[in-house]
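Undergrad: Dropping a structure here in structure tokens format, bear with me for questions.
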Amino acid sequence: MSKQASQQLQATIIAAHGRHYLADADGTKLQCVTRGKKTNVAVGDIVHVTLTSPDQGVIDKIAERKTLLYRSDQYKSKLLAANLTQLFIVVATEPGFADDLVSRSLVAAEAAGIKAHLILNKTDVTESLARTRERLQPYASLGYPVHEVSAKGKPEETMAILKPLLAGQSSILIGQSGMGKSSLINLLVPDADIAVREISAALDTGKHTTTFTRLYQLPELGPDSSIIDSPGFQEFGLYHLSEGMLERAFVDFEPYLGKCKYYNCRHLIEPQCAILEAVAEGKITKMRHTLYGQLLHESSQTLY
């Protein structure tokens with residue numbers, strides 16, 4: 001084997017499709033596979049790659065992750081991204097967004113130790129603006145920042161708002177289809193379309209360019225600045241969160257934890273439960289408590 005072939009490099013995973021990965025090693029793009037049938041590699045992972053040719057390699061090792069964001073259903077989990085520092089949930093004045101998806105995304109961010117923000121896009125659609133702001137108020141009152149932008153209507157203002165937020169951070173944009181995520185990405189990464197075509201060709205994904213998660217470096221915003229674009233999805237399963245993880249992932253529960261009569265209180269129907277009392281007094285919204293009960297039920301259904 002030549003020296004070239006056995007060379008080891010450190011690289012960042014910038015796209016994933018099935019068991020095929022694209023990694024970036026200081027500007028060199030490498031098509032990578034894992035050893036065996038492992039698929040536990042996420043976009044954003046720092047990996048050690050052994051080169052098998054100048055642009056191909058095998059992933060030998062994943063460096064320790066700072067954070068890992070993933071969603072899961074009853075049967076399997078899906079890694080979204082690794083080493084994130086913040087998550088942006090993109091909603092819009094139209095089409096309507098699902099509160100369930102927003103709420104679950106916030107819980108996932110808390111459980112993963114990632115700071116969460118909301119981006120309200122399409123603020124130029126003024127007839128729906130007041131109502132949408134009203135719908136976002138409960139999240140703002142929990143301490144989650146809401147940033148109002150209009151990617152198409154006011155691109156310069158949008159950039160002025162987003163750039164300082166993204167500088168020095170590893171961020172992910174998530175949201176349902178139709179919220180204008182791609183417009184935001186195209187503003188931030190002017191050659192995103194070219195990059196997507198290159199990635200599609202490298203990973204041989206055919207035309208399904210929107211079905212994979214991809215990472216873009218943002219060098220002009222300083223070192224360690226990157227943004228990850230994930231496919232639009234309608235559901236965010238959190239079957240992997242245990243009871244203890246769940247109650248701590250609801251920021252509004254925090255002041256009341258440890259104050260229930262019973263140490264193993266599940267905050268559902270137990271007597272003298274501090275959380276239920278807070279719900280009755282309007283200090284925790286019913287919507288949030290209902291979601292908590294739903295997630296608790298889901299986590300007990302896990303089969304994997």
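Identifiers for the structure tokens are assigned positionally: chains receive A, B, ... in sequence, residues are indexed from 1 per chain, and ligands are indexed from 1 in the order shown.
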Would you pick out the contacts of region 34-37 of chain A at 10 Å or less, using only C-alpha atoms, so that residues sharing its chain but fewer than 4 positions from it are not included, and give the list as a PDB file with C-alpha atoms, in the first residue's frame?
TA:
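What follows is the written file part-v7.pdb:
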```pdb
ATOM      1  CA  ARG A  19     -24.157   5.068   4.621  1.00  0.00           C
ATOM      2  CA  HIS A  20     -22.253   7.485   2.396  1.00  0.00           C
ATOM      3  CA  TYR A  21     -20.676  10.580   3.867  1.00  0.00           C
ATOM      4  CA  VAL A  41     -22.037   9.183  11.981  1.00  0.00           C
ATOM      5  CA  VAL A  49     -10.345   9.117   8.100  1.00  0.00           C
ATOM      6  CA  GLY A  57     -11.545   7.287   2.705  1.00  0.00           C
ATOM      7  CA  VAL A  58     -12.822   5.102   5.492  1.00  0.00           C
ATOM      8  CA  ILE A  59     -14.038   6.575   8.778  1.00  0.00           C
ATOM      9  CA  ASP A  60     -12.081   4.939  11.584  1.00  0.00           C
ATOM     10  CA  LYS A  61     -13.133   6.965  14.558  1.00  0.00           C
TER      11      LYS A  61
END
```
Undergrad: Could you list, as a count of residues only, every residue within 12 Å of Ala202 (chain A), counting only C-alpha atoms and ignoring same-chain residues fewer than 6 positions away?
TA: 17
Undergrad: List the neighbours of Leu241 (chain A) out to 8 Å using only C-alpha atoms; skip same-chain residues closer than 4 positions along the sequence, and give me the result as a PyMOL selection string.
TA: chain A and resi 111+245-246+299
Undergrad: Name all residues at most 12 Å from Cys265 (chain A) (count only C-alpha atoms; drop same-chain ones fewer than 6 positions away) and give them as a list in words.
TA: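 Final neighbour list, sorted by chain and number: Glu243, Gly244, Glu247, Tyr256, Leu257, Gly258, Lys259, Pro271, Gln272, Cys273, Ala274, Ile275 and Leu276 of chain A.
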Undergrad: Which is closer to Asp26 (chain A) than all the others in A:Thr12, A:Leu188, A:Arg266, A:Lys154, using only C-alpha atoms?
TA: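 Looking only at the distances to Asp26 (chain A), the closest residue turns out to be A:Thr12.
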Undergrad: I need the residues in region 141-303 of chain A that are strand (DSSP E) according to DSSP; give them as JSON, numbers by chain.
TA: {"A": [146, 147, 148, 170, 171, 172, 173, 174, 214, 215, 216, 217, 226, 227, 228, 229]}
Undergrad: Check the DSSP output for the backbone and give back, as a VMD selection string, the residues of region 120-275 of chain A in helix (DSSP H, G or I).
TA: chain A and resid 126 to 141 155 to 166 181 to 188 192 to 203 209 to 211 219 to 221 243 to 249 251 to 256 274 to 275
Undergrad: To one decimal place, how far is CA of Val90 (chain A) from CA of Glu148 (chain A) in Å?
TA: 10.1 Å
Undergrad: Write out as a PDB file with N, CA and C atoms, in the first residue's frame the residues lying within 12 Å of Asp124 (chain A), counting only C-alpha atoms and excluding same-chain residues fewer than 5 positions away.
TA:
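Result file result.pdb:
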```
ATOM      1  N   ALA A  92     -43.051  30.711   9.914  1.00  0.00           N
ATOM      2  CA  ALA A  92     -43.390  31.801   8.996  1.00  0.00           C
ATOM      3  C   ALA A  92     -44.819  32.250   9.219  1.00  0.00           C
ATOM      4  N   THR A  93     -45.122  33.440   8.698  1.00  0.00           N
ATOM      5  CA  THR A  93     -46.488  33.956   8.802  1.00  0.00           C
ATOM      6  C   THR A  93     -47.440  33.084   7.984  1.00  0.00           C
ATOM      7  N   GLU A  94     -46.922  32.546   6.889  1.00  0.00           N
ATOM      8  CA  GLU A  94     -47.699  31.574   6.102  1.00  0.00           C
ATOM      9  C   GLU A  94     -46.740  30.638   5.377  1.00  0.00           C
ATOM     10  N   LEU A 129     -49.293  38.703  10.382  1.00  0.00           N
ATOM     11  CA  LEU A 129     -48.185  38.960  11.306  1.00  0.00           C
ATOM     12  C   LEU A 129     -48.624  39.029  12.768  1.00  0.00           C
ATOM     13  N   ALA A 130     -49.680  39.767  13.042  1.00  0.00           N
ATOM     14  CA  ALA A 130     -50.120  39.948  14.438  1.00  0.00           C
ATOM     15  C   ALA A 130     -50.497  38.602  15.056  1.00  0.00           C
ATOM     16  N   GLU A 148     -37.289  38.372  14.069  1.00  0.00           N
ATOM     17  CA  GLU A 148     -38.193  38.582  12.930  1.00  0.00           C
ATOM     18  C   GLU A 148     -37.400  38.977  11.691  1.00  0.00           C
ATOM     19  N   VAL A 149     -37.622  38.251  10.605  1.00  0.00           N
ATOM     20  CA  VAL A 149     -36.903  38.525   9.361  1.00  0.00           C
ATOM     21  C   VAL A 149     -37.838  38.371   8.151  1.00  0.00           C
ATOM     22  N   SER A 150     -37.334  38.843   7.011  1.00  0.00           N
ATOM     23  CA  SER A 150     -38.031  38.605   5.756  1.00  0.00           C
ATOM     24  C   SER A 150     -36.944  38.334   4.719  1.00  0.00           C
ATOM     25  N   ALA A 151     -36.644  37.060   4.519  1.00  0.00           N
ATOM     26  CA  ALA A 151     -35.518  36.670   3.656  1.00  0.00           C
ATOM     27  C   ALA A 151     -35.670  37.228   2.247  1.00  0.00           C
ATOM     28  N   LYS A 152     -36.891  37.215   1.733  1.00  0.00           N
ATOM     29  CA  LYS A 152     -37.085  37.697   0.363  1.00  0.00           C
ATOM     30  C   LYS A 152     -37.416  39.179   0.326  1.00  0.00           C
ATOM     31  N   GLY A 153     -38.218  39.669   1.269  1.00  0.00           N
ATOM     32  CA  GLY A 153     -38.650  41.071   1.270  1.00  0.00           C
ATOM     33  C   GLY A 153     -37.562  42.025   1.711  1.00  0.00           C
ATOM     34  N   LYS A 154     -36.782  41.642   2.752  1.00  0.00           N
ATOM     35  CA  LYS A 154     -35.743  42.542   3.285  1.00  0.00           C
ATOM     36  C   LYS A 154     -34.459  41.755   3.530  1.00  0.00           C
ATOM     37  N   PRO A 155     -33.793  41.331   2.437  1.00  0.00           N
ATOM     38  CA  PRO A 155     -32.610  40.480   2.593  1.00  0.00           C
ATOM     39  C   PRO A 155     -31.480  41.121   3.387  1.00  0.00           C
ATOM     40  N   THR A 158     -32.297  41.144   7.030  1.00  0.00           N
ATOM     41  CA  THR A 158     -32.251  39.757   7.511  1.00  0.00           C
ATOM     42  C   THR A 158     -30.814  39.348   7.800  1.00  0.00           C
TER      43      THR A 158
END
```
Undergrad: Which of these residues is nearest to Ala140 (chain A), using only C-alpha atoms: A:Lys261, A:Ser226, A:Phe212, A:Asp252?
TA: A:Asp252
Undergrad: One number please: CA of Ile62 (chain A) to CA of Ile13 (chain A), in Å, one decimal.
TA: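 According to the coordinates, CA of Ile62 (chain A) and CA of Ile13 (chain A) are separated by 10.0 Å.
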Undergrad: Residues near His297 (chain A), anyone? I mean within 12 Å using only C-alpha atoms, not counting same-chain ones fewer than 3 positions away, as a count of residues only.
TA: 19
Undergrad: Between CA of Leu166 (chain A) and CA of Arg65 (chain A), what is the distance in Å, rounded to a tenth?
TA: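 Those two atoms sit 19.9 Å apart.
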Undergrad: Restricting the calculation to only C-alpha atoms, which member of A:Val107, A:Leu84, A:Leu68, A:Ala160 is positioned closest to Leu142 (chain A)?
TA: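 Closest candidate: A:Val107.
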Undergrad: Could you check which of A:Ser141, A:Gln217, A:Gln234, A:Ser183 is closest to Lys283 (chain A), using only C-alpha atoms?
TA: A:Ser141
